[in-house]
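Visitor: Got a structure for you, questions after.
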Amino acid sequence: MARNLTTIGFDADDTLWHNERFFQMTQDRFADLLRDFAEPDHLAERLLQAERRNLGHYGFGIKGFTLSMIETALEVTENRVPGAVIHEIILAGQEMLRHPIELLPHARETIEALTPDFHLVLITKGDLLDQERKLAQSGLGDLFDAVEIVSDKTPQTYHDAFTRHGDGPARSMMVGNSLKSDVVPAIEAGGWGVHVPFRLEWALEKSEPPTHASRFAELLDLGELPSLVEAIG
């Protein structure tokens, strides 16, 4: 009997391992560096505007975030930001790029439980070198049949990935912490979209849950995924 589901895609950052908390910690450090020039809330809003503006130039990831912090520092100080502050911003970005990987609960056991019976595909966006580093340090790389590091996640992204590495989106599932990037476009491509919320959420990833969609599910954590997969069949 043919399975309804043959391929499972996983997001990486804040789905399999911690990520957003390092951005939050660095943003707090950024606010401290600029405390003589801007209030934290105002600075955070200006930084978010810069990030949104720069996505088309730098894409997602730490390098673009660091450049957006530098741009924001120049803007809020009217180009008077001390060179020492710029240096500290660069060091903060480099520290993020060196931060060791910490897996989220149930990540390894869930991947190991599913890998014998399904095609597993890691689908993540961001900087190529940084994502490759994190995957290597995670120890999960050998458990995936394929890895896709993409510039953005759209319905076409999932259609193409699940066609290359599986039986097409209709028999595929995407699992991730972002409704906007992992869930909604996967459902629009014709697959299942499974939301595993993380306690921190980047403002640019916010979206309304597609509760009307028959192929939408939300789990408390990755430990619940094998039971959902079994129910789908």
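Residues in the structure tokens are numbered from 1 in each chain, the chains being A, B, ... in the order shown, and ligands are numbered from 1 in the order shown.
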Using DSSP secondary structure from the backbone, list all strand (DSSP E) positions within region 77-212 of chain A, as number ranges by chain.

Guide: A: 119-125, 146-150, 172-176, 192-195

Visitor: Write out the residues from the selection above, keeping N, CA and C atoms, as a PDB file, in the first residue's frame.

Guide:
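The resulting file, result.pdb, is shown below:
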ATOM      1  N   HIS A 119      12.162   9.976   3.180  1.00  0.00           N
ATOM      2  CA  HIS A 119      13.194  10.866   2.655  1.00  0.00           C
ATOM      3  C   HIS A 119      13.182  12.116   3.526  1.00  0.00           C
ATOM      4  N   LEU A 120      14.304  12.436   4.139  1.00  0.00           N
ATOM      5  CA  LEU A 120      14.396  13.625   4.979  1.00  0.00           C
ATOM      6  C   LEU A 120      15.239  14.676   4.264  1.00  0.00           C
ATOM      7  N   VAL A 121      14.687  15.896   4.193  1.00  0.00           N
ATOM      8  CA  VAL A 121      15.351  16.992   3.492  1.00  0.00           C
ATOM      9  C   VAL A 121      15.449  18.189   4.430  1.00  0.00           C
ATOM     10  N   LEU A 122      16.641  18.710   4.622  1.00  0.00           N
ATOM     11  CA  LEU A 122      16.813  19.945   5.382  1.00  0.00           C
ATOM     12  C   LEU A 122      16.655  21.109   4.410  1.00  0.00           C
ATOM     13  N   ILE A 123      15.691  21.990   4.688  1.00  0.00           N
ATOM     14  CA  ILE A 123      15.437  23.148   3.821  1.00  0.00           C
ATOM     15  C   ILE A 123      15.558  24.392   4.685  1.00  0.00           C
ATOM     16  N   THR A 124      16.622  25.132   4.495  1.00  0.00           N
ATOM     17  CA  THR A 124      16.895  26.277   5.352  1.00  0.00           C
ATOM     18  C   THR A 124      17.342  27.458   4.503  1.00  0.00           C
ATOM     19  N   LYS A 125      17.046  28.647   4.974  1.00  0.00           N
ATOM     20  CA  LYS A 125      17.508  29.843   4.273  1.00  0.00           C
ATOM     21  C   LYS A 125      18.576  30.529   5.122  1.00  0.00           C
ATOM     22  N   ALA A 146      19.042  14.898   1.776  1.00  0.00           N
ATOM     23  CA  ALA A 146      19.394  16.054   0.952  1.00  0.00           C
ATOM     24  C   ALA A 146      19.354  17.307   1.812  1.00  0.00           C
ATOM     25  N   VAL A 147      20.096  18.315   1.370  1.00  0.00           N
ATOM     26  CA  VAL A 147      20.129  19.609   2.051  1.00  0.00           C
ATOM     27  C   VAL A 147      19.922  20.701   1.013  1.00  0.00           C
ATOM     28  N   GLU A 148      18.978  21.593   1.278  1.00  0.00           N
ATOM     29  CA  GLU A 148      18.709  22.733   0.394  1.00  0.00           C
ATOM     30  C   GLU A 148      18.903  24.016   1.214  1.00  0.00           C
ATOM     31  N   ILE A 149      19.906  24.821   0.855  1.00  0.00           N
ATOM     32  CA  ILE A 149      20.111  26.127   1.477  1.00  0.00           C
ATOM     33  C   ILE A 149      19.670  27.167   0.460  1.00  0.00           C
ATOM     34  N   VAL A 150      18.569  27.848   0.761  1.00  0.00           N
ATOM     35  CA  VAL A 150      17.892  28.681  -0.226  1.00  0.00           C
ATOM     36  C   VAL A 150      17.911  30.145   0.205  1.00  0.00           C
ATOM     37  N   SER A 172       4.433  15.195   0.614  1.00  0.00           N
ATOM     38  CA  SER A 172       5.528  15.757   1.401  1.00  0.00           C
ATOM     39  C   SER A 172       5.002  16.633   2.529  1.00  0.00           C
ATOM     40  N   MET A 173       5.856  16.828   3.522  1.00  0.00           N
ATOM     41  CA  MET A 173       5.534  17.640   4.701  1.00  0.00           C
ATOM     42  C   MET A 173       6.720  18.541   5.006  1.00  0.00           C
ATOM     43  N   MET A 174       6.420  19.782   5.407  1.00  0.00           N
ATOM     44  CA  MET A 174       7.456  20.701   5.877  1.00  0.00           C
ATOM     45  C   MET A 174       7.206  21.008   7.338  1.00  0.00           C
ATOM     46  N   VAL A 175       8.257  20.916   8.143  1.00  0.00           N
ATOM     47  CA  VAL A 175       8.174  21.116   9.590  1.00  0.00           C
ATOM     48  C   VAL A 175       9.061  22.287   9.971  1.00  0.00           C
ATOM     49  N   GLY A 176       8.516  23.266  10.693  1.00  0.00           N
ATOM     50  CA  GLY A 176       9.343  24.397  11.084  1.00  0.00           C
ATOM     51  C   GLY A 176       8.672  25.313  12.082  1.00  0.00           C
ATOM     52  N   TRP A 192       1.893  19.177   3.304  1.00  0.00           N
ATOM     53  CA  TRP A 192       1.515  19.422   4.690  1.00  0.00           C
ATOM     54  C   TRP A 192       2.447  20.470   5.274  1.00  0.00           C
ATOM     55  N   GLY A 193       1.928  21.313   6.140  1.00  0.00           N
ATOM     56  CA  GLY A 193       2.737  22.304   6.852  1.00  0.00           C
ATOM     57  C   GLY A 193       2.544  22.131   8.342  1.00  0.00           C
ATOM     58  N   VAL A 194       3.627  21.839   9.061  1.00  0.00           N
ATOM     59  CA  VAL A 194       3.555  21.553  10.491  1.00  0.00           C
ATOM     60  C   VAL A 194       4.320  22.620  11.255  1.00  0.00           C
ATOM     61  N   HIS A 195       3.619  23.312  12.126  1.00  0.00           N
ATOM     62  CA  HIS A 195       4.196  24.402  12.906  1.00  0.00           C
ATOM     63  C   HIS A 195       4.637  23.883  14.269  1.00  0.00           C
TER      64      HIS A 195
END

Visitor: Residues of region 33-209 of chain A classed as helix (DSSP H, G or I) by DSSP on the backbone are to be reported as an MDAnalysis selection string.

Guide: chainID A and resid 33 40:58 62:76 83:98 107:114 128:138 141:143 155:165 169:171 179:188 203:205

Visitor: List as an mmCIF file with all heavy atoms, in the first residue's frame the protein and nucleic acid residues near Ala84 (chain A), meaning an atom at most 10 Å away when only C-alpha atoms are counted, but skip any in the same chain fewer than 5 places from it.

Guide:
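Ended up saving to out_37.cif:
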data_model
loop_
_atom_site.group_PDB
_atom_site.id
_atom_site.type_symbol
_atom_site.label_atom_id
_atom_site.label_comp_id
_atom_site.auth_asym_id
_atom_site.auth_seq_id
_atom_site.Cartn_x
_atom_site.Cartn_y
_atom_site.Cartn_z
ATOM 1 N N LEU A 33 25.567 49.490 23.222
ATOM 2 C CA LEU A 33 26.614 50.253 22.537
ATOM 3 C C LEU A 33 26.109 51.614 22.068
ATOM 4 O O LEU A 33 26.867 52.585 22.023
ATOM 5 C CB LEU A 33 27.129 49.460 21.325
ATOM 6 C CG LEU A 33 28.001 48.244 21.616
ATOM 7 C CD1 LEU A 33 28.197 47.424 20.345
ATOM 8 C CD2 LEU A 33 29.350 48.674 22.191
ATOM 9 N N ILE A 89 30.506 46.183 16.957
ATOM 10 C CA ILE A 89 29.411 45.570 16.201
ATOM 11 C C ILE A 89 29.947 44.440 15.327
ATOM 12 O O ILE A 89 29.358 43.350 15.259
ATOM 13 C CB ILE A 89 28.679 46.628 15.356
ATOM 14 C CG1 ILE A 89 27.957 47.621 16.261
ATOM 15 C CG2 ILE A 89 27.686 45.955 14.407
ATOM 16 C CD1 ILE A 89 27.380 48.819 15.522
ATOM 17 N N ILE A 90 31.058 44.682 14.673
ATOM 18 C CA ILE A 90 31.668 43.643 13.833
ATOM 19 C C ILE A 90 32.079 42.444 14.674
ATOM 20 O O ILE A 90 31.837 41.283 14.301
ATOM 21 C CB ILE A 90 32.873 44.220 13.064
ATOM 22 C CG1 ILE A 90 32.390 45.249 12.037
ATOM 23 C CG2 ILE A 90 33.659 43.107 12.372
ATOM 24 C CD1 ILE A 90 33.505 46.025 11.374
#

Visitor: Using only C-alpha atoms for the distances, tell me which of A:Glu188, A:Asp41, A:Glu201, A:Glu112 is nearest to Ala213 (chain A).

Guide: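 Under the stated criterion, the closest residue is A:Glu188.
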
Visitor: Leaving out Gln156 (chain A) and any residue of its chain fewer than 6 positions from it, which residues lie within 9 Å of it when counting only C-alpha atoms, given as number ranges by chain?

Guide: A: 185-186, 189

Visitor: Those residues with C-alpha atoms, as a JSON list (two decimals), in the first residue's frame please?

Guide:
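Just written: out_36.json:
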[["chain", "number", "residue", "atom", "x", "y", "z"],
["A", 185, "PRO", "CA", 4.18, 28.29, 1.49],
["A", 186, "ALA", "CA", 4.51, 24.51, 1.92],
["A", 189, "ALA", "CA", 2.63, 24.19, -2.76]]

Visitor: List every residue of region 13-95 of chain A that has an atom at most 10 Å from any atom of region 129-137 of chain A, giving for each one its closest atom pair and the distance in Å to one decimal, counting only C-alpha atoms, sorted by chain and then by ascending residue number, as JSON lines.

Guide:
{"residue": "A:Asp13", "atom": "CA", "partner": "A:Gln131", "partner_atom": "CA", "distance": 8.9}
{"residue": "A:Leu16", "atom": "CA", "partner": "A:Leu135", "partner_atom": "CA", "distance": 9.8}
{"residue": "A:Trp17", "atom": "CA", "partner": "A:Lys134", "partner_atom": "CA", "distance": 8.8}
{"residue": "A:Gly61", "atom": "CA", "partner": "A:Asp130", "partner_atom": "CA", "distance": 8.1}
{"residue": "A:Ile62", "atom": "CA", "partner": "A:Asp130", "partner_atom": "CA", "distance": 8.2}
{"residue": "A:Lys63", "atom": "CA", "partner": "A:Asp130", "partner_atom": "CA", "distance": 9.2}

Visitor: Take the residues from that selection and put them in a file with N, CA, C and O atoms, as a CSV table (one decimal), in the first residue's frame.

Guide:
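Writing done, so here's part.csv:
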chain,number,residue,atom,x,y,z
A,13,ASP,N,17.1,26.5,11.7
A,13,ASP,CA,17.2,27.5,12.8
A,13,ASP,C,15.9,27.6,13.6
A,13,ASP,O,14.8,27.8,13.1
A,16,LEU,N,15.5,22.9,14.7
A,16,LEU,CA,16.4,21.8,15.2
A,16,LEU,C,17.4,22.3,16.2
A,16,LEU,O,17.8,21.5,17.0
A,17,TRP,N,17.8,23.6,16.1
A,17,TRP,CA,18.7,24.1,17.0
A,17,TRP,C,18.4,25.6,17.3
A,17,TRP,O,17.7,26.2,16.6
A,61,GLY,N,20.3,36.0,7.5
A,61,GLY,CA,21.5,35.5,8.1
A,61,GLY,C,22.3,36.6,8.9
A,61,GLY,O,21.9,37.8,9.0
A,62,ILE,N,23.3,36.1,9.5
A,62,ILE,CA,24.1,36.9,10.5
A,62,ILE,C,24.9,38.0,9.8
A,62,ILE,O,24.9,39.2,10.3
A,63,LYS,N,25.4,37.8,8.6
A,63,LYS,CA,26.2,38.8,7.9
A,63,LYS,C,25.3,40.0,7.5
A,63,LYS,O,25.6,41.2,7.7

Visitor: So, with only C-alpha atoms as the atoms that count, which of A:Thr26, A:Asn54, A:Thr15, A:Ser214 lies closest to Gly191 (chain A)?

Guide: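 Smallest distance to Gly191 (chain A) is found for A:Ser214.
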
Visitor: Rounded to one decimal in Å, what is the spacing between CA of Val229 (chain A) and CA of Asn4 (chain A)?

Guide: 9.5 Å

Visitor: Considering only C-alpha atoms, can you say which of A:Ile111, A:Leu34, A:Leu103, A:Ile8 comes closest to Ala73 (chain A)?

Guide: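 Using only C-alpha atoms, Ala73 (chain A) sits closest to A:Leu34.
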
Visitor: Which residue is closest to His106 (chain A)? Choose from A:Glu78, A:Glu71, A:Glu230, A:Asp221 and count only C-alpha atoms.

Guide: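 Closest residue, counting only C-alpha atoms: A:Asp221.
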
Visitor: Neighbouring residues of Leu55 (chain A) were defined as those with any atom within 10 Å, considering only C-alpha atoms; residues of the same chain fewer than 6 positions away were excluded. Please report them as a count of residues only.

Guide: 6

Visitor: Write out as a ChimeraX atom specification which residues come within 10 Å of Met69 (chain A) when counting only C-alpha atoms, dropping same-chain ones fewer than 6 positions away.

Guide: /A:26-27,30-31,43-44,46-48,50-51,63,75,86,89-90,93
